[in-house]
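Undergrad: Here's a structure for you.
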Amino acid sequence: MKTVRGWVLLTVGLCGLVAASVPAQGIPAFARRTGLRCTACHEAWPVLNDFGRAFRDNGYQLRTGKDKPTDNPFAFWPTSFRLTPSYQYSSVSAQQTDQGKKTLGTGGVADAAMDFLAAGTLNDDVGFLVVPTGFASNGNVHLESYWVYFSRLFGNSDWFNVRVGKHEVDLPVSAHRSIELTNSYLIYNYHPAAASDVAGAFAIDQNQRGFEITGHDRGSFTRYNFSVFDGNGSPGSRNGFESPSFYGHFQKYWQLDSYSVSELELGAWGAYAQYPTQTLTLNGQPIGGAGGSLRPSERYGVEASILLGPATTPVHLSLVLAHGQDNKDLYQGAAVRNATWNGGFFEAIWVPPVDGLHWSLFTRYDMIRNDKQPTTDVPKSMNDQDQFTIGTKYTLAFFNRNEYAIHVEYATNNMKHMAFDGGNQRTMTWFAGIDFAF
Amino acid sequence: MKTRSIALASLLLAATAAAVAAPVFADEPPGDAAHGKFVYQRYCLSCHGELGNGQGEFAQYITPRPRDYRQGTFKWRSTPSGSLPTVADLEKTIKDGVYGTYMPTWFPIGHRARLDVIAYIQLFSDRWKTEKPEAPLVIPPEPPNTSASIDKGRKLYTSLKCAQCHGESAQGDGVSAHELKDDWGQLIEPADLTISARYKCGDTPADIYRVFMTGLNGTPMPTFVEQISKDDAWDLAHFIWSLRPGGPNHPQPPAIKGK
């Protein structure tokens with residue numbers, strides 16, 4: 001009871017603090033270019049709605065005859081940034097200390113990083129995105145994403161478009177546009193016994209270097225994506241691609257003429273990433289980029305989503321299921337069989353029909369269940385995970401220039417047999433911040 | 001008895017004549033304004049404004065200005081000049097957008113959301129409470145688009161003084177081009193009919209035909225329905241169509257002699 005009361009007080013205090021502040025004067029690139037508010041493209045920022053998905057699939061074009069850079073005001077620069085100053089408290093149970101098994105928790109104002117976003121068009125039907133990210137106190141900055149997108153390569157057809165560069169593959173639910181700010185989607189990056197897995201770093205939610213072929217109908221209600229890329233975190237191999245990998249995704253949406261169920265969506269997706277398991281050596285040492293004997297880390301699945309209520313103020317439910325497998329050779333001789341697992345997540349986002357569309361409430365449950373461990377000497381349920389996230393976002397203001405919101409979130413994750421003594425380990429996170437974009 | 005029969009017959013004839021003169025058409029009903037308010041807040045507010053007065057936060061930066069809904073005056077209609085548009089007319093504008101302006105196509109938001117926002121937009125003007133849209137103009141089948149038709153259209157372009165606003169070369173640079181104002185007192189530029197393969201009013205010769213016959217309410221573009229025949233309107237539409245990029249009368253840069 002005391003905890004709940006404290007949390008309510010903290011939220012109210014933050015609301016008051018921010019409401020009293022002067023609205024930011026920045027200019028998010030797309031909103032400034034198009035004149036539209038963030039709500040036009042984002043169901044609950046940064047999650048895209050149908051209109052936003054079509055805008056993205058069209059290469060950041062509205063196709064009103066004003067998409068060329070020369071159609072924009074002379075002073076327009078296609079840049080913006082996003083930052084989330086926040087307080088975060090995390091605790092991890094079953095920690096080993098000299099004083100015995102403890103739950104250790106720590107908190108503070110996070111050393112925030114920032115996304116600097118440059119995105120727009122280079123010409124009619126040529127879009128681009130460049131995202132330097134980092135800028136935290138460690139001084140690290142890297143290019144999170146960079147690509148050029150050629151749309152309508154054949155006549156006026158939207159069925160063949162090509163993206164070249166480092167891009168997020170077209171996931172069932174975008175990890176880079178997640179409304180949750182604490183836990184990641186488990187099925188996108190899980191590996192059984194990841195520490196000894198050459199492909200352990202492979203995460204399909206990371207931006208990947210390669211190219212993508214995409215296509216869609218008018219409105220982006222039927223769409224496909226196919227990416228060829230270098231799987232991230234590879235030591236490299238003697239091939240045209242260091243870690244030749246593939247991803248495919250198909251989605252079909254149905255808009256229904258109903259206020260109770262306004263939209264349905266079904267889809268299927270799959271990733272096949274290959275990593276080298278052997279390498280040439282010099283003086284007994286591995287030669288970088290000289291790997292061979294590629295073996296796969298796979299994950300594939302199906303998805304369904306539904307919009308309950310009007311599409312403008314929906315309860316958006318998404319279910320994504322996955323099956324994964326890492327080849328036994330990826331474990332460098334430590335495995336006796338391929339490791340397999342099943343998992344999924346269920347996400348709900350609600351934009352209540354309240355004047356101004358300021359509120360969004362969200363929750364997500366992620367699950368991993370191992371099917372076969374790579375070795376037989378550990379429990380089958382080793383590192384099975386259950387993750388739960390719940391939160392709310394109150395957007396204090398969104399204009400066609402900027403948006404800023406209060407974001408409050410609670411997340412917990414339970415991992416089986418992952419504590420030092422073979423017991424379960426639980427992580428818990430409280431998060432409260434101001435999410436804003438110029 | 002005879003007088004009574006004549007009176008009844010007269011009444012019947014009058015009723016029949018009235019029915020012929022004012023044909024009933026089945027317009028699609030708008031949606032739910034309560035839901036439409038949220039559609040409006042999500043997609044329309046930044047340009048058209050909270051009060052529907054066309055003075056949203058982005059309006060000051062763009063030309064042409066966003067529609068002020070309070071007068072119930074709309075440019076693109078299938079109905080006669082001065083009439084309210086049908087729900088189908090409004091949905092077409094929302095669904096297809098207005099090319100060359102900041103009004104995008106709202107095709108992805110779906111039919112239901114479009115009908116709902118139309119119901120909400122209708123609340124901004126009392127005209128919707130007291131008037132009904134008149135019956136839409138019937139567009140006759142398009143005759144063949146021949147060079148003879150285009151030539152007739154060119155002569156009509158001159159005789160109807162289209163060049164006064166749109167210019168001799170139809171590039172929106174007529175002598176009156178810089179003096180034109182809309183019903184809200186805002187300067188308004190006549191269309192450059194050569195610049196794009198798409199027009200604000202639509203993508204087909206029939207869309208151009210419709211503009212001649214309905215005019216563009218709220219702008220200096222009048223209706224020519226009383227001045228030209230249907231065949232004339234098609235000829236004029238064919239001439240305008242020929243000015244598009246790729247069309248036979250599209251302006252070309254000067255040729256170099258001997259090349």
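Residue numbers start at 1 in each chain; chains themselves are named A, B, ... in the order of the structure tokens; ligands are numbered from 1 in the order shown.
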Should the cut-off be 8 Å, what would the residue list for chain A against chain B look like, counting only C-alpha atoms, as a ChimeraX atom specification?
TA: /A:34-37,39-40,50-51,54,62-66,218-220,255,257-258,310-313,353,355-357,399-400
Undergrad: Can I get the selected residues back with C-alpha atoms, as a PDB file, in the first residue's frame?
TA:
ATOM      1  CA  THR A  34       4.088  17.542 -43.537  1.00  0.00           C
ATOM      2  CA  GLY A  35       2.312  19.800 -41.058  1.00  0.00           C
ATOM      3  CA  LEU A  36       0.773  16.758 -39.402  1.00  0.00           C
ATOM      4  CA  ARG A  37       0.816  16.058 -35.698  1.00  0.00           C
ATOM      5  CA  THR A  39      -0.827  11.388 -33.821  1.00  0.00           C
ATOM      6  CA  ALA A  40      -1.379  11.192 -37.565  1.00  0.00           C
ATOM      7  CA  ASP A  50      -2.086   2.362 -40.519  1.00  0.00           C
ATOM      8  CA  PHE A  51      -1.369   5.819 -41.901  1.00  0.00           C
ATOM      9  CA  ALA A  54       1.877   3.521 -45.294  1.00  0.00           C
ATOM     10  CA  LEU A  62       2.752  11.518 -48.688  1.00  0.00           C
ATOM     11  CA  ARG A  63       2.693  11.572 -52.500  1.00  0.00           C
ATOM     12  CA  THR A  64       0.978  14.952 -52.670  1.00  0.00           C
ATOM     13  CA  GLY A  65       3.485  16.346 -55.139  1.00  0.00           C
ATOM     14  CA  LYS A  66       5.471  17.912 -52.319  1.00  0.00           C
ATOM     15  CA  ARG A 218      -2.254   0.884 -51.676  1.00  0.00           C
ATOM     16  CA  GLY A 219      -2.568   1.666 -47.986  1.00  0.00           C
ATOM     17  CA  SER A 220      -0.012  -1.036 -47.043  1.00  0.00           C
ATOM     18  CA  GLN A 255     -10.169  -3.147 -42.028  1.00  0.00           C
ATOM     19  CA  ASP A 257     -16.648  -1.601 -40.974  1.00  0.00           C
ATOM     20  CA  SER A 258     -17.314  -2.007 -37.269  1.00  0.00           C
ATOM     21  CA  PRO A 310     -12.620   2.407 -33.358  1.00  0.00           C
ATOM     22  CA  ALA A 311      -9.223   2.424 -35.072  1.00  0.00           C
ATOM     23  CA  THR A 312      -8.615   5.977 -33.853  1.00  0.00           C
ATOM     24  CA  THR A 313      -8.912   5.044 -30.176  1.00  0.00           C
ATOM     25  CA  PRO A 353     -11.293   7.901 -26.063  1.00  0.00           C
ATOM     26  CA  ASP A 355     -10.427  14.397 -25.393  1.00  0.00           C
ATOM     27  CA  GLY A 356      -7.046  15.215 -26.905  1.00  0.00           C
ATOM     28  CA  LEU A 357      -5.815  11.601 -27.182  1.00  0.00           C
ATOM     29  CA  PHE A 399       2.126  19.735 -32.097  1.00  0.00           C
ATOM     30  CA  ASN A 400       3.351  19.527 -35.629  1.00  0.00           C
TER      31      ASN A 400
END
Undergrad: Please provide the set of residues having any atom within 9 Å of region 101-118 of chain A, restricted to only C-alpha atoms, with same-chain residues fewer than 5 positions apart removed, written as an NGL selection string.
TA: :A and (28-29 or 77-96 or 128-137 or 144 or 426 or 428 or 430)
Undergrad: Take the residues just selected and output them with N, CA, C and O atoms as a CSV table (one decimal), in the first residue's frame.
TA:
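What landed in part-v4.csv:
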chain,number,residue,atom,x,y,z
A,28,PRO,N,10.3,18.2,-34.9
A,28,PRO,CA,10.5,16.8,-35.5
A,28,PRO,C,10.3,16.9,-37.0
A,28,PRO,O,9.4,17.5,-37.5
A,29,ALA,N,11.3,16.2,-37.7
A,29,ALA,CA,11.4,16.4,-39.1
A,29,ALA,C,10.2,16.2,-39.9
A,29,ALA,O,9.8,17.0,-40.8
A,77,TRP,N,15.5,21.6,-42.4
A,77,TRP,CA,16.5,20.5,-42.3
A,77,TRP,C,15.8,19.3,-41.8
A,77,TRP,O,15.0,19.4,-40.8
A,78,PRO,N,16.0,18.1,-42.4
A,78,PRO,CA,15.3,16.9,-42.0
A,78,PRO,C,15.8,16.3,-40.7
A,78,PRO,O,16.2,15.1,-40.7
A,79,THR,N,15.9,17.0,-39.6
A,79,THR,CA,16.6,16.5,-38.5
A,79,THR,C,15.7,16.6,-37.2
A,79,THR,O,14.9,17.6,-37.1
A,80,SER,N,15.9,15.7,-36.3
A,80,SER,CA,15.3,15.9,-35.0
A,80,SER,C,16.0,15.0,-34.0
A,80,SER,O,16.9,14.2,-34.4
A,81,PHE,N,15.6,15.0,-32.8
A,81,PHE,CA,16.3,14.1,-31.8
A,81,PHE,C,15.3,13.7,-30.7
A,81,PHE,O,14.3,14.3,-30.5
A,82,ARG,N,15.6,12.6,-30.1
A,82,ARG,CA,14.8,12.0,-29.1
A,82,ARG,C,15.6,11.7,-27.8
A,82,ARG,O,16.7,11.1,-28.0
A,83,LEU,N,15.1,12.1,-26.7
A,83,LEU,CA,15.8,11.9,-25.4
A,83,LEU,C,14.8,11.6,-24.3
A,83,LEU,O,13.7,12.1,-24.4
A,84,THR,N,15.2,10.8,-23.4
A,84,THR,CA,14.3,10.4,-22.3
A,84,THR,C,15.0,10.5,-20.9
A,84,THR,O,15.5,9.5,-20.4
A,85,PRO,N,15.1,11.7,-20.4
A,85,PRO,CA,15.6,11.8,-19.0
A,85,PRO,C,14.7,11.1,-18.1
A,85,PRO,O,13.5,11.2,-18.1
A,86,SER,N,15.3,10.2,-17.2
A,86,SER,CA,14.4,9.3,-16.5
A,86,SER,C,15.1,8.9,-15.1
A,86,SER,O,16.3,9.0,-15.0
A,87,TYR,N,14.2,8.6,-14.2
A,87,TYR,CA,14.7,7.9,-13.0
A,87,TYR,C,14.4,6.4,-13.2
A,87,TYR,O,13.3,6.1,-13.6
A,88,GLN,N,15.3,5.6,-12.8
A,88,GLN,CA,15.2,4.2,-12.9
A,88,GLN,C,15.7,3.5,-11.7
A,88,GLN,O,16.8,3.8,-11.2
A,89,TYR,N,14.9,2.5,-11.2
A,89,TYR,CA,15.3,1.7,-10.0
A,89,TYR,C,15.2,0.3,-10.5
A,89,TYR,O,14.2,-0.2,-10.9
A,90,SER,N,16.3,-0.5,-10.3
A,90,SER,CA,16.3,-1.9,-10.7
A,90,SER,C,16.8,-2.7,-9.6
A,90,SER,O,17.7,-2.3,-8.8
A,91,SER,N,16.3,-3.9,-9.4
A,91,SER,CA,16.8,-4.9,-8.4
A,91,SER,C,16.9,-6.2,-9.1
A,91,SER,O,16.1,-6.6,-9.9
A,92,VAL,N,17.9,-7.0,-8.6
A,92,VAL,CA,18.1,-8.4,-9.1
A,92,VAL,C,18.2,-9.3,-7.9
A,92,VAL,O,19.0,-9.0,-7.0
A,93,SER,N,17.4,-10.3,-7.9
A,93,SER,CA,17.4,-11.2,-6.7
A,93,SER,C,18.5,-12.3,-6.8
A,93,SER,O,19.1,-12.4,-7.9
A,94,ALA,N,18.6,-13.0,-5.7
A,94,ALA,CA,19.5,-14.2,-5.7
A,94,ALA,C,20.9,-13.8,-6.1
A,94,ALA,O,21.6,-14.5,-6.9
A,95,GLN,N,21.5,-12.7,-5.6
A,95,GLN,CA,22.8,-12.3,-5.9
A,95,GLN,C,23.8,-12.9,-4.8
A,95,GLN,O,23.4,-12.9,-3.6
A,96,GLN,N,24.9,-13.3,-5.3
A,96,GLN,CA,25.9,-13.9,-4.3
A,96,GLN,C,26.7,-12.8,-3.7
A,96,GLN,O,27.3,-12.0,-4.4
A,128,PHE,N,15.5,8.4,-47.1
A,128,PHE,CA,16.7,8.0,-46.4
A,128,PHE,C,16.5,8.2,-44.9
A,128,PHE,O,15.6,8.8,-44.5
A,129,LEU,N,17.4,7.5,-44.2
A,129,LEU,CA,17.4,7.6,-42.7
A,129,LEU,C,18.9,7.5,-42.2
A,129,LEU,O,19.6,6.6,-42.7
A,130,VAL,N,19.3,8.4,-41.3
A,130,VAL,CA,20.6,8.3,-40.7
A,130,VAL,C,20.4,8.5,-39.2
A,130,VAL,O,19.8,9.6,-38.8
A,131,VAL,N,20.8,7.6,-38.4
A,131,VAL,CA,20.6,7.8,-36.9
A,131,VAL,C,21.9,7.6,-36.1
A,131,VAL,O,22.2,6.5,-35.8
A,132,PRO,N,22.6,8.6,-35.9
A,132,PRO,CA,23.7,8.5,-34.9
A,132,PRO,C,23.1,8.4,-33.5
A,132,PRO,O,22.1,9.2,-33.2
A,133,THR,N,23.6,7.6,-32.7
A,133,THR,CA,23.0,7.4,-31.4
A,133,THR,C,24.1,7.3,-30.3
A,133,THR,O,25.3,6.9,-30.7
A,134,GLY,N,23.8,7.5,-29.1
A,134,GLY,CA,24.8,7.5,-28.0
A,134,GLY,C,24.8,8.8,-27.3
A,134,GLY,O,23.8,9.2,-26.7
A,135,PHE,N,25.9,9.5,-27.3
A,135,PHE,CA,26.1,10.8,-26.8
A,135,PHE,C,25.9,10.8,-25.2
A,135,PHE,O,25.8,11.9,-24.6
A,136,ALA,N,26.0,9.6,-24.6
A,136,ALA,CA,26.0,9.6,-23.1
A,136,ALA,C,27.4,9.9,-22.6
A,136,ALA,O,28.3,10.3,-23.4
A,137,SER,N,27.6,9.9,-21.3
A,137,SER,CA,28.8,10.4,-20.7
A,137,SER,C,30.0,9.6,-21.1
A,137,SER,O,31.1,10.0,-20.9
A,144,GLU,N,23.5,4.0,-35.5
A,144,GLU,CA,22.5,3.0,-35.2
A,144,GLU,C,21.9,2.5,-36.5
A,144,GLU,O,21.6,1.3,-36.6
A,426,ARG,N,15.3,-13.1,-10.4
A,426,ARG,CA,14.2,-12.2,-10.8
A,426,ARG,C,14.8,-10.7,-10.8
A,426,ARG,O,15.5,-10.3,-9.9
A,428,MET,N,13.7,-6.7,-11.5
A,428,MET,CA,12.6,-5.8,-11.4
A,428,MET,C,13.0,-4.4,-11.7
A,428,MET,O,14.1,-4.0,-11.3
A,430,TRP,N,11.7,-0.2,-12.1
A,430,TRP,CA,10.7,0.9,-12.0
A,430,TRP,C,11.3,2.0,-12.9
A,430,TRP,O,12.5,2.3,-12.8
Undergrad: Which residues in region 90-201 of chain B does DSSP call helix (DSSP H, G or I)? List them as an NGL selection string.
TA: :B and (90-96 or 107-109 or 111-124 or 127-130 or 147-159 or 163-166)
Undergrad: Could you take the residues named above and write them with C-alpha atoms, as a PDB file, in the first residue's frame?
TA:
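Result saved to selection.pdb:
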ATOM      1  CA  LEU B  90     -16.267  14.716 -49.123  1.00  0.00           C
ATOM      2  CA  GLU B  91     -15.079  11.160 -48.756  1.00  0.00           C
ATOM      3  CA  LYS B  92     -13.427  11.295 -52.178  1.00  0.00           C
ATOM      4  CA  THR B  93     -11.484  14.402 -51.172  1.00  0.00           C
ATOM      5  CA  ILE B  94     -10.401  12.830 -47.884  1.00  0.00           C
ATOM      6  CA  LYS B  95      -9.592   9.456 -49.436  1.00  0.00           C
ATOM      7  CA  ASP B  96      -7.649  10.748 -52.446  1.00  0.00           C
ATOM      8  CA  PHE B 107      -6.874   6.172 -47.752  1.00  0.00           C
ATOM      9  CA  PRO B 108      -5.164   4.102 -45.035  1.00  0.00           C
ATOM     10  CA  ILE B 109      -7.436   5.293 -42.215  1.00  0.00           C
ATOM     11  CA  HIS B 111     -13.948   4.065 -44.815  1.00  0.00           C
ATOM     12  CA  ARG B 112     -15.500   4.058 -41.329  1.00  0.00           C
ATOM     13  CA  ALA B 113     -13.102   6.687 -39.958  1.00  0.00           C
ATOM     14  CA  ARG B 114     -13.670   8.876 -43.017  1.00  0.00           C
ATOM     15  CA  LEU B 115     -17.456   8.757 -42.608  1.00  0.00           C
ATOM     16  CA  ASP B 116     -17.092   9.542 -38.915  1.00  0.00           C
ATOM     17  CA  VAL B 117     -14.919  12.585 -39.501  1.00  0.00           C
ATOM     18  CA  ILE B 118     -17.330  13.839 -42.168  1.00  0.00           C
ATOM     19  CA  ALA B 119     -20.107  13.716 -39.565  1.00  0.00           C
ATOM     20  CA  TYR B 120     -17.933  15.771 -37.228  1.00  0.00           C
ATOM     21  CA  ILE B 121     -16.935  18.266 -39.937  1.00  0.00           C
ATOM     22  CA  GLN B 122     -20.615  18.828 -40.714  1.00  0.00           C
ATOM     23  CA  LEU B 123     -21.111  20.108 -37.156  1.00  0.00           C
ATOM     24  CA  PHE B 124     -18.965  23.154 -37.889  1.00  0.00           C
ATOM     25  CA  ARG B 127     -25.818  24.771 -43.441  1.00  0.00           C
ATOM     26  CA  TRP B 128     -25.850  21.035 -42.864  1.00  0.00           C
ATOM     27  CA  LYS B 129     -28.817  21.463 -40.515  1.00  0.00           C
ATOM     28  CA  THR B 130     -30.952  23.475 -42.928  1.00  0.00           C
ATOM     29  CA  SER B 147      -7.028  16.313 -82.164  1.00  0.00           C
ATOM     30  CA  ALA B 148     -10.187  18.004 -83.504  1.00  0.00           C
ATOM     31  CA  SER B 149     -11.687  17.943 -80.034  1.00  0.00           C
ATOM     32  CA  ILE B 150      -8.479  19.362 -78.554  1.00  0.00           C
ATOM     33  CA  ASP B 151      -8.456  22.155 -81.169  1.00  0.00           C
ATOM     34  CA  LYS B 152     -12.050  23.054 -80.340  1.00  0.00           C
ATOM     35  CA  GLY B 153     -11.095  23.077 -76.704  1.00  0.00           C
ATOM     36  CA  ARG B 154      -8.215  25.426 -77.407  1.00  0.00           C
ATOM     37  CA  LYS B 155     -10.610  27.901 -79.082  1.00  0.00           C
ATOM     38  CA  LEU B 156     -12.985  27.637 -76.145  1.00  0.00           C
ATOM     39  CA  TYR B 157     -10.081  28.313 -73.781  1.00  0.00           C
ATOM     40  CA  THR B 158      -9.629  31.625 -75.594  1.00  0.00           C
ATOM     41  CA  SER B 159     -13.267  32.548 -76.053  1.00  0.00           C
ATOM     42  CA  ALA B 163      -6.278  32.802 -70.109  1.00  0.00           C
ATOM     43  CA  GLN B 164      -7.277  35.841 -68.083  1.00  0.00           C
ATOM     44  CA  CYS B 165      -6.395  33.838 -64.964  1.00  0.00           C
ATOM     45  CA  HIS B 166      -4.615  30.698 -66.143  1.00  0.00           C
TER      46      HIS B 166
END
Undergrad: Pick out the closest residue to Pro141 (chain B) from this set: B:Pro190, B:Pro205, B:Pro80, B:Gly167. Count only C-alpha atoms.
TA: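 Ranking B:Pro190, B:Pro205, B:Pro80, B:Gly167 by distance to Pro141 (chain B), first place goes to B:Pro205.
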Undergrad: Any idea what's packed within 7 Å of region 178-192 of chain A, counting only C-alpha atoms, ignoring anything in its chain fewer than 5 positions away? Could you give it as a VMD selection string?
TA: chain A and resid 45 to 47 200 202 to 205 322 339 343 to 344 366 373 411
Undergrad: Could those residues be written to a file, using N, CA, C and O atoms, as a short mmCIF file (atom, residue, chain, number, x, y, z; two decimals), in the first residue's frame?
TA:
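As written to disk, selection_39.cif reads:
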data_model
loop_
_atom_site.label_atom_id
_atom_site.label_comp_id
_atom_site.auth_asym_id
_atom_site.auth_seq_id
_atom_site.Cartn_x
_atom_site.Cartn_y
_atom_site.Cartn_z
N TRP A 45 2.62 7.12 -29.73
CA TRP A 45 4.00 7.36 -30.13
C TRP A 45 4.98 6.51 -29.29
O TRP A 45 4.85 6.47 -28.09
N PRO A 46 5.91 5.76 -29.91
CA PRO A 46 6.27 5.77 -31.33
C PRO A 46 5.66 4.63 -32.16
O PRO A 46 6.14 4.34 -33.25
N VAL A 47 4.64 3.98 -31.67
CA VAL A 47 4.03 2.87 -32.41
C VAL A 47 3.25 3.41 -33.61
O VAL A 47 2.44 4.33 -33.45
N GLY A 200 25.54 -16.27 -30.46
CA GLY A 200 24.85 -15.76 -29.27
C GLY A 200 24.53 -14.28 -29.33
O GLY A 200 23.60 -13.80 -28.68
N PHE A 202 23.59 -12.76 -32.02
CA PHE A 202 22.62 -12.47 -33.07
C PHE A 202 21.27 -12.07 -32.46
O PHE A 202 20.68 -12.80 -31.68
N ALA A 203 20.83 -10.91 -32.85
CA ALA A 203 19.55 -10.40 -32.35
C ALA A 203 18.82 -9.77 -33.54
O ALA A 203 19.31 -8.81 -34.13
N ILE A 204 17.70 -10.33 -33.86
CA ILE A 204 16.98 -9.85 -35.04
C ILE A 204 16.39 -8.47 -34.80
O ILE A 204 15.97 -7.79 -35.74
N ASP A 205 16.37 -8.04 -33.54
CA ASP A 205 15.88 -6.68 -33.28
C ASP A 205 16.99 -5.64 -33.40
O ASP A 205 16.72 -4.44 -33.26
N ALA A 322 6.87 -17.72 -31.61
CA ALA A 322 8.14 -18.01 -32.29
C ALA A 322 8.65 -19.39 -31.90
O ALA A 322 8.40 -19.89 -30.79
N ALA A 339 19.96 -26.82 -30.17
CA ALA A 339 19.16 -26.25 -29.08
C ALA A 339 17.89 -25.65 -29.67
O ALA A 339 17.95 -24.91 -30.66
N GLY A 343 8.57 -19.61 -27.86
CA GLY A 343 8.31 -18.40 -27.09
C GLY A 343 7.28 -17.53 -27.76
O GLY A 343 6.69 -17.90 -28.78
N GLY A 344 7.09 -16.38 -27.17
CA GLY A 344 6.13 -15.45 -27.75
C GLY A 344 5.90 -14.26 -26.84
O GLY A 344 6.48 -14.17 -25.75
N ASP A 366 6.02 -11.48 -22.04
CA ASP A 366 6.93 -12.24 -22.90
C ASP A 366 7.22 -13.58 -22.24
O ASP A 366 7.32 -13.66 -21.01
N GLN A 373 17.85 -28.29 -24.56
CA GLN A 373 19.09 -27.59 -24.27
C GLN A 373 20.21 -28.20 -25.12
O GLN A 373 20.14 -29.37 -25.50
N ALA A 411 8.49 -3.17 -14.82
CA ALA A 411 8.80 -4.40 -15.56
C ALA A 411 9.46 -5.41 -14.65
O ALA A 411 10.20 -5.04 -13.72
#
Undergrad: Quick check for you: according to DSSP on this backbone, which residues of region 136-350 of chain A are classed as strand (DSSP E)? Reply as a ChimeraX atom specification.
TA: /A:141-150,161-167,208-216,222-230,244-255,261-282,285-308,315-326,339-350
Undergrad: Counting only C-alpha atoms, what is within 12 Å of Tyr331 (chain A), bar same-chain residues fewer than 4 positions away, as a ChimeraX atom specification?
TA: /A:191-200,275-278,295-297,326-327,335-339,373-375
Undergrad: For the residues in the current selection, export C-alpha atoms as a PDB file, in the first residue's frame.
TA:
ATOM      1  CA  HIS A 191      19.594 -18.022 -27.444  1.00  0.00           C
ATOM      2  CA  PRO A 192      19.859 -21.092 -25.202  1.00  0.00           C
ATOM      3  CA  ALA A 193      23.269 -21.125 -23.515  1.00  0.00           C
ATOM      4  CA  ALA A 194      24.172 -17.930 -25.327  1.00  0.00           C
ATOM      5  CA  ALA A 195      27.577 -17.570 -23.671  1.00  0.00           C
ATOM      6  CA  SER A 196      29.099 -20.485 -25.595  1.00  0.00           C
ATOM      7  CA  ASP A 197      27.125 -19.861 -28.803  1.00  0.00           C
ATOM      8  CA  VAL A 198      29.027 -18.284 -31.732  1.00  0.00           C
ATOM      9  CA  ALA A 199      25.686 -16.845 -32.820  1.00  0.00           C
ATOM     10  CA  GLY A 200      24.855 -15.757 -29.274  1.00  0.00           C
ATOM     11  CA  TYR A 275      27.637 -17.859 -38.444  1.00  0.00           C
ATOM     12  CA  PRO A 276      31.099 -19.402 -39.034  1.00  0.00           C
ATOM     13  CA  THR A 277      32.027 -22.312 -36.783  1.00  0.00           C
ATOM     14  CA  GLN A 278      35.616 -22.790 -37.981  1.00  0.00           C
ATOM     15  CA  ARG A 295      25.840 -22.985 -39.350  1.00  0.00           C
ATOM     16  CA  PRO A 296      22.399 -21.503 -38.782  1.00  0.00           C
ATOM     17  CA  SER A 297      20.609 -19.822 -35.949  1.00  0.00           C
ATOM     18  CA  ASP A 326      20.599 -22.932 -32.866  1.00  0.00           C
ATOM     19  CA  ASN A 327      22.724 -25.549 -34.613  1.00  0.00           C
ATOM     20  CA  ALA A 335      26.827 -29.157 -27.532  1.00  0.00           C
ATOM     21  CA  VAL A 336      25.511 -32.615 -28.223  1.00  0.00           C
ATOM     22  CA  ARG A 337      22.401 -31.544 -30.098  1.00  0.00           C
ATOM     23  CA  ASN A 338      20.674 -28.573 -31.652  1.00  0.00           C
ATOM     24  CA  ALA A 339      19.160 -26.246 -29.082  1.00  0.00           C
ATOM     25  CA  GLN A 373      19.093 -27.590 -24.267  1.00  0.00           C
ATOM     26  CA  PRO A 374      22.328 -27.976 -26.267  1.00  0.00           C
ATOM     27  CA  THR A 375      23.697 -30.210 -23.515  1.00  0.00           C
TER      28      THR A 375
END
Undergrad: Do you know which residues are at most 12 Å from Trp241 (chain B) counting only C-alpha atoms, after dropping those on the same chain fewer than 4 positions away, and could you put them as a ChimeraX atom specification?
TA: /B:145-147,149-150,153-154,170,193-199,202-209,234-237,245-250
Undergrad: Can you work out the spacing between CA of Phe224 (chain B) and CA of Arg244 (chain B) in Å, to one decimal?
TA: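 Value for the CA of Phe224 (chain B)-CA of Arg244 (chain B) distance: 22.0 Å.
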